[in-house]
Amino acid sequence: MSEKNLTSTQASGKSPEESAVIMTEIVLPSDTNALGTIFGGKVMSWIDIAGAISATRHARRAVVTASIDALHFLAPIRLGHFVHIRATVNYVSRSSMEVGVRVDSENPITGEFTHTATAYTTFVALDDHGRPTPVPQLNPKSPNDKRRFLAAQKRRESRVQLAEEIKKAEKLAHESD
């Protein structure tokens with residue numbers, strides 16, 4: 001979708017700001033491994049929670065996690081540090097939403113912040129019967145919102161293409177059995 005189409009097509013939707021989430025957690029001893037750094041699964045759980053809150057704010061419906069992809073751990077998070085998780089809807093399809101999540105750690109003594117993880121999550125909104133249901137379109141306003149929207153659109157196209165290729169490969173594998 002071009003910049004021109006992005007503006008006209010999305011004009012009636014919600015802004016990414018309306019779905020923004022900021023969570024803060026502290027790393028406790030039960031959250032850490034033998035090295036005194038947080039378990040990756042704990043960070044993944046917080047990413048999933050923040051993403052779900054953001055998607056729910058956008059859809060104003062119950063949501064379920066469809067995928068967590070492109071999760072990159074960039075730096076360790078240490079015992080006693082504060083963890084800031086920011087989540088925002090980047091892109092909306094018919095019933096699904098990509099939510100970008102950024103994780104930073106804060107040393108409580110020095111105040112130093114470190115970018116520790118980034119993830120892209122996909123959530124699907126559900127109706128009262130548990131079936132996928134349409135969600136409001138996204139209206140990216142700032143240049144950064146528009147950049148994230150266009151990048152998310154490319155990631156979605158890649159996910160759809162990969163799913164189709166996997167389906168074809170599975171079909172060929174079944175035919176050869």
# chains A, B, ... in the order shown; residues from 1 in each chain; ligands from 1
>>> closest_atom_pairs(of="stretch 18-90 of chain A", to="stretch 138-143 of chain A", cutoff="10 Å", atoms="only C-alpha atoms", output="CSV")
residue,atom,partner,partner_atom,distance
A:Glu18,CA,A:Leu138,CA,9.9
A:His58,CA,A:Leu138,CA,8.6
A:Val89,CA,A:Leu138,CA,8.0
A:Asn90,CA,A:Leu138,CA,7.9
>>> select_by_dssp(residues="chain A", states="helix (DSSP H, G or I)", output="PyMOL selection string")
chain A and resi 3-10+16-19+29-31+40-59+143-176
>>> write_last_selection(atoms="C-alpha atoms", output="compact mmCIF listing (two decimals), in the first residue's frame")
# COMPACT_ATOMS: atom_id res chain seq x y z
CA GLU A 3 1.60 6.38 1.35
CA LYS A 4 -1.33 7.94 -0.54
CA ASN A 5 -3.55 4.87 -0.10
CA LEU A 6 -2.48 4.49 3.53
CA THR A 7 -3.96 7.87 4.41
CA SER A 8 -7.25 7.59 2.52
CA THR A 9 -7.94 3.95 3.40
CA GLN A 10 -7.17 4.23 7.10
CA PRO A 16 -1.87 3.59 17.37
CA GLU A 17 -1.70 5.92 20.38
CA GLU A 18 -5.18 4.75 21.45
CA SER A 19 -3.88 1.20 21.94
CA PRO A 29 14.77 -13.99 42.21
CA SER A 30 12.08 -16.44 41.04
CA ASP A 31 12.28 -14.83 37.56
CA GLY A 40 13.45 -15.71 28.34
CA GLY A 41 10.05 -17.32 28.92
CA LYS A 42 9.23 -14.72 31.56
CA VAL A 43 9.98 -11.92 29.10
CA MET A 44 7.88 -13.72 26.49
CA SER A 45 4.98 -13.90 28.95
CA TRP A 46 5.18 -10.16 29.63
CA ILE A 47 5.36 -9.48 25.88
CA ASP A 48 2.23 -11.58 25.34
CA ILE A 49 0.35 -9.80 28.13
CA ALA A 50 1.28 -6.29 26.94
CA GLY A 51 0.46 -7.24 23.34
CA ALA A 52 -2.93 -8.65 24.36
CA ILE A 53 -3.80 -5.51 26.30
CA SER A 54 -2.87 -3.33 23.33
CA ALA A 55 -4.87 -5.47 20.88
CA THR A 56 -7.86 -5.52 23.23
CA ARG A 57 -7.75 -1.74 23.55
CA HIS A 58 -7.80 -1.44 19.78
CA ALA A 59 -10.50 -4.05 19.11
CA PRO A 143 5.72 9.56 10.40
CA ASN A 144 6.84 6.87 12.87
CA ASP A 145 3.31 5.37 12.96
CA LYS A 146 3.28 5.27 9.15
CA ARG A 147 6.74 3.69 8.99
CA ARG A 148 5.68 0.99 11.49
CA PHE A 149 2.41 0.42 9.57
CA LEU A 150 4.19 -0.10 6.25
CA ALA A 151 6.86 -2.37 7.79
CA ALA A 152 4.14 -4.42 9.52
CA GLN A 153 2.25 -4.72 6.25
CA LYS A 154 5.40 -6.22 4.66
CA ARG A 155 5.82 -8.65 7.59
CA ARG A 156 2.17 -9.73 7.19
CA GLU A 157 2.67 -10.34 3.46
CA SER A 158 5.72 -12.47 4.31
CA ARG A 159 3.80 -14.45 6.95
CA VAL A 160 0.94 -15.13 4.52
CA GLN A 161 3.36 -16.19 1.76
CA LEU A 162 5.28 -18.47 4.14
CA ALA A 163 2.04 -20.09 5.34
CA GLU A 164 1.04 -20.77 1.72
CA GLU A 165 4.45 -22.29 0.93
CA ILE A 166 4.29 -24.53 4.00
CA LYS A 167 0.78 -25.67 3.06
CA LYS A 168 1.98 -26.53 -0.46
CA ALA A 169 4.99 -28.43 0.91
CA GLU A 170 2.77 -30.42 3.29
CA LYS A 171 0.40 -31.26 0.44
CA LEU A 172 3.32 -32.49 -1.69
CA ALA A 173 4.64 -34.55 1.21
CA HIS A 174 1.23 -36.21 1.68
CA GLU A 175 0.94 -36.93 -2.03
CA SER A 176 4.32 -38.66 -2.07
>>> select_by_dssp(residues="stretch 52-141 of chain A", states="strand (DSSP E or B)", output="ChimeraX atom specification")
/A:62-73,78,82-92,96-106,113-126,132,138
>>> residues_around(residues="stretch 63-67 of chain A", least_positions_apart="3", cutoff="6 Å", atoms="only C-alpha atoms", output="PyMOL selection string")
chain A and resi 121-126
>>> atom_distance(atom1="atom CA of A:Asp69", atom2="atom CA of A:Tyr120")
5.5 Å
